[in-house]
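Worksheet for the structure shown next.
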Amino acid sequence: MKAAAMRVYVPLTLSGLAEAYKEGQLGPTPLTAYAVTPALREWYVSDDIEELEYAALSRAAQASLRLLAVDPRAPRRRVVVAVDVPDGQAVADPDRGLDQSALGEVRIKAAIPLAKAAAVHLDADDAERDIAAAADALGAADLGDDDAQFTVDGAEDHELLWYATQEIPNLIE
C-alpha cells in the first residue's frame with residue numbers, strides 16, 4: 001500500500017533550479033513551498049482539487065517573483081517545481097494560517113531529492129520582459145504604489161509552461 005502524499009510547489013529561480021540539479025536535491029532546508037492547505041481551501045472556497053492546486057501553484061509563482069526581486073543576476077523567468085512529499089513532511093504554520101500573504105505556505109524540514117519531482121513549471125522566453133518589470137516593481141507595490149501593483153499583477157498574465165523533469169538540463173543551459 002502506497003503512503004499518502006501531498007503535492008507541493010517549490011518556488012525557485014533558474015539559478016536555483018541549476019543549483020538543485022547540480023546538488024540532486026531541493027534545499028537548503030527548511031524549504032518554503034506552497035500546497036493545498038486548509039487555509040487555502042477556506043480562502044479559495046472550492047472543492048475542485050485541480051483549481052486548488054492551481055491556486056497553490058500561483059502562490060508559488062508569486063514567491064518565485066519575490067526570489068527574482070532579490071537576485072538581479074537570475075534570468076527573469078519564474079520557476080516552480082512540483083513534487084509529491086509524504087503526508088506530514090510539509091507543515092503549515094498555524095499562527096500564519098489566516099495571514100493573506102501566507103495562504104498555502106508550508107515548510108519542509110528535509111531536503112527533497114530532485115528525482116522525486118513531478119514537473120517543472122517555467123515562464124516562456126517571451127515573458128521575460130514583463131517578469132523583469134514585475135520583479136523591479138515589487139518593492140514599490142509592497143509600499144502601496146498602485147501603478148507598481150499593476151505591473152506586478154501583469155506577471156500573472158503569463159501562464160507557466162509545464163516541463164518534464166527530464167528536460168531540466170535543457171532548461172538550465
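Lettering and numbering for the C-alpha cells are positional, with chains as A, B, ... in the shown order, residues counted from 1 in each chain, and ligands counted from 1 in the shown order.
Among the residues of stretch 47-155 of chain A, backbone DSSP assigns strand (DSSP E or B) to Val79, Val80, Val81, Ala82, Val83, Asp84, Val85, Pro86, Ala90, Val91, Glu105, Val106, Arg107, Ile108, Ile112, Pro113, Ala117, Ala118, Ala119, Val120, His121 and Leu122 of chain A.
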Name all residues at most 9 Å from stretch 74-82 of chain A (count only C-alpha atoms; drop same-chain ones fewer than 6 positions away) and give them as a ChimeraX atom specification.
/A:7-17,57,60-65,67-68,117-125,127-132,135,160,165
With C-alpha atoms kept, could you save the residues just selected as a short mmCIF file (atom, residue, chain, number, x, y, z; two decimals), in the first residue's frame?
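The new file result-v9.cif reads:
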data_model
loop_
_atom_site.label_atom_id
_atom_site.label_comp_id
_atom_site.auth_asym_id
_atom_site.auth_seq_id
_atom_site.Cartn_x
_atom_site.Cartn_y
_atom_site.Cartn_z
CA ARG A 7 1.70 17.81 -3.87
CA VAL A 8 3.81 20.85 -3.03
CA TYR A 9 5.06 23.62 -5.26
CA VAL A 10 8.59 24.87 -4.55
CA PRO A 11 9.39 28.38 -5.86
CA LEU A 12 12.82 28.83 -7.43
CA THR A 13 14.72 30.85 -9.99
CA LEU A 14 16.53 29.32 -12.96
CA SER A 15 19.76 29.75 -10.97
CA GLY A 16 18.14 27.90 -8.06
CA LEU A 17 16.99 25.14 -10.39
CA LEU A 57 0.97 26.86 -7.98
CA ALA A 60 4.46 29.60 -5.60
CA ALA A 61 4.85 31.63 -8.81
CA GLN A 62 4.35 34.81 -6.77
CA ALA A 63 7.04 33.61 -4.35
CA SER A 64 9.35 32.90 -7.29
CA LEU A 65 8.86 36.51 -8.41
CA LEU A 67 13.10 35.47 -5.30
CA LEU A 68 13.82 37.20 -8.62
CA ALA A 117 9.96 16.00 -8.68
CA ALA A 118 6.86 15.51 -10.79
CA ALA A 119 7.31 18.51 -13.10
CA VAL A 120 8.86 21.92 -13.57
CA HIS A 121 6.76 24.98 -14.36
CA LEU A 122 8.56 27.87 -16.04
CA ASP A 123 7.80 31.14 -17.81
CA ALA A 124 8.22 31.20 -21.58
CA ASP A 125 11.04 33.26 -23.05
CA ALA A 127 7.51 36.60 -20.60
CA GLU A 128 10.96 37.79 -19.50
CA ARG A 129 10.33 41.47 -20.14
CA ASP A 130 7.10 41.54 -18.10
CA ILE A 131 8.60 39.37 -15.34
CA ALA A 132 11.63 41.67 -15.12
CA ALA A 135 10.33 41.98 -10.13
CA LEU A 160 3.80 28.95 -16.53
CA THR A 165 11.88 16.70 -15.13
#
Step one, run DSSP on the backbone; step two, keep only residues of stretch 4-172 of chain A assigned to helix (DSSP H, G or I); then write them as an mmCIF file with C-alpha atoms, in the first residue's frame.
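File produced: part-v4.cif:
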data_model
loop_
_atom_site.group_PDB
_atom_site.id
_atom_site.type_symbol
_atom_site.label_atom_id
_atom_site.label_comp_id
_atom_site.auth_asym_id
_atom_site.auth_seq_id
_atom_site.Cartn_x
_atom_site.Cartn_y
_atom_site.Cartn_z
ATOM 1 C CA LEU A 14 16.534 29.317 -12.964
ATOM 2 C CA SER A 15 19.760 29.751 -10.973
ATOM 3 C CA GLY A 16 18.138 27.898 -8.061
ATOM 4 C CA LEU A 17 16.991 25.135 -10.395
ATOM 5 C CA ALA A 18 20.532 24.799 -11.767
ATOM 6 C CA GLU A 19 21.866 24.512 -8.209
ATOM 7 C CA ALA A 20 19.231 21.910 -7.311
ATOM 8 C CA TYR A 21 20.137 19.940 -10.431
ATOM 9 C CA LYS A 22 23.847 20.079 -9.550
ATOM 10 C CA GLU A 23 23.171 19.025 -5.933
ATOM 11 C CA PRO A 38 -6.918 24.188 5.000
ATOM 12 C CA ALA A 39 -6.457 27.983 4.934
ATOM 13 C CA LEU A 40 -6.083 27.974 1.128
ATOM 14 C CA ARG A 41 -9.238 25.826 0.822
ATOM 15 C CA GLU A 42 -11.158 28.241 3.038
ATOM 16 C CA TRP A 43 -9.889 31.299 1.186
ATOM 17 C CA TYR A 44 -10.490 29.896 -2.309
ATOM 18 C CA ILE A 49 -8.715 19.874 -6.289
ATOM 19 C CA GLU A 50 -7.379 20.981 -9.683
ATOM 20 C CA GLU A 51 -8.482 24.577 -9.016
ATOM 21 C CA LEU A 52 -6.966 24.441 -5.538
ATOM 22 C CA GLU A 53 -3.668 23.060 -6.841
ATOM 23 C CA TYR A 54 -3.608 25.791 -9.486
ATOM 24 C CA ALA A 55 -4.095 28.356 -6.693
ATOM 25 C CA ALA A 56 -1.142 26.809 -4.782
ATOM 26 C CA LEU A 57 0.966 26.856 -7.978
ATOM 27 C CA SER A 58 0.054 30.526 -8.472
ATOM 28 C CA ARG A 59 1.133 31.326 -4.910
ATOM 29 C CA ALA A 60 4.464 29.602 -5.601
ATOM 30 C CA ALA A 61 4.848 31.631 -8.815
ATOM 31 C CA GLN A 62 4.354 34.813 -6.769
ATOM 32 C CA ALA A 63 7.039 33.607 -4.348
ATOM 33 C CA SER A 64 9.354 32.904 -7.291
ATOM 34 C CA LEU A 65 8.858 36.508 -8.409
ATOM 35 C CA ARG A 66 9.978 37.624 -4.931
ATOM 36 C CA LEU A 67 13.105 35.470 -5.296
ATOM 37 C CA LEU A 68 13.820 37.201 -8.617
ATOM 38 C CA ALA A 69 13.408 40.610 -6.978
ATOM 39 C CA PRO A 94 -0.822 27.510 12.327
ATOM 40 C CA ASP A 95 -0.003 31.030 13.525
ATOM 41 C CA ARG A 96 0.073 32.305 9.936
ATOM 42 C CA GLN A 100 -3.195 36.590 3.413
ATOM 43 C CA SER A 101 0.497 36.593 2.448
ATOM 44 C CA ALA A 102 0.971 33.053 3.813
ATOM 45 C CA LEU A 114 15.136 16.266 -7.289
ATOM 46 C CA ALA A 115 14.435 12.786 -8.672
ATOM 47 C CA LYS A 116 11.124 12.915 -6.744
ATOM 48 C CA ASP A 125 11.040 33.261 -23.050
ATOM 49 C CA ASP A 126 8.590 35.926 -24.209
ATOM 50 C CA ALA A 127 7.509 36.603 -20.599
ATOM 51 C CA GLU A 128 10.965 37.789 -19.501
ATOM 52 C CA ARG A 129 10.334 41.474 -20.135
ATOM 53 C CA ASP A 130 7.103 41.544 -18.095
ATOM 54 C CA ILE A 131 8.598 39.371 -15.340
ATOM 55 C CA ALA A 132 11.634 41.670 -15.117
ATOM 56 C CA ALA A 133 9.365 44.710 -14.824
ATOM 57 C CA ALA A 134 7.254 42.975 -12.154
ATOM 58 C CA ALA A 135 10.325 41.981 -10.126
ATOM 59 C CA ASP A 136 11.615 45.556 -10.320
ATOM 60 C CA ALA A 137 8.239 46.980 -9.232
ATOM 61 C CA LEU A 138 7.644 44.587 -6.351
ATOM 62 C CA GLY A 139 9.119 46.812 -3.623
ATOM 63 C CA ALA A 140 7.048 49.815 -4.644
ATOM 64 C CA ALA A 141 3.935 47.637 -4.924
ATOM 65 C CA ASP A 142 4.512 46.381 -1.385
ATOM 66 C CA ASP A 146 -0.943 51.253 -7.474
ATOM 67 C CA ASP A 147 0.985 51.601 -10.736
ATOM 68 C CA ALA A 148 3.680 49.250 -9.437
ATOM 69 C CA GLN A 149 0.991 46.781 -8.300
ATOM 70 C CA PHE A 150 -0.486 46.877 -11.807
ATOM 71 C CA THR A 151 2.956 45.972 -13.190
ATOM 72 C CA VAL A 152 3.357 43.153 -10.654
ATOM 73 C CA ASP A 153 -0.118 41.820 -11.466
ATOM 74 C CA GLY A 154 0.904 41.773 -15.130
ATOM 75 C CA ALA A 155 3.222 38.852 -14.373
ATOM 76 C CA GLU A 156 0.138 36.731 -13.756
ATOM 77 C CA ASP A 157 -0.935 37.293 -17.363
ATOM 78 C CA THR A 165 11.881 16.696 -15.133
ATOM 79 C CA GLN A 166 13.991 15.058 -17.844
ATOM 80 C CA GLU A 167 14.041 18.441 -19.568
ATOM 81 C CA ILE A 168 15.785 20.224 -16.667
ATOM 82 C CA PRO A 169 19.276 20.048 -18.271
ATOM 83 C CA ASN A 170 17.911 21.875 -21.343
ATOM 84 C CA LEU A 171 16.110 24.456 -19.204
#
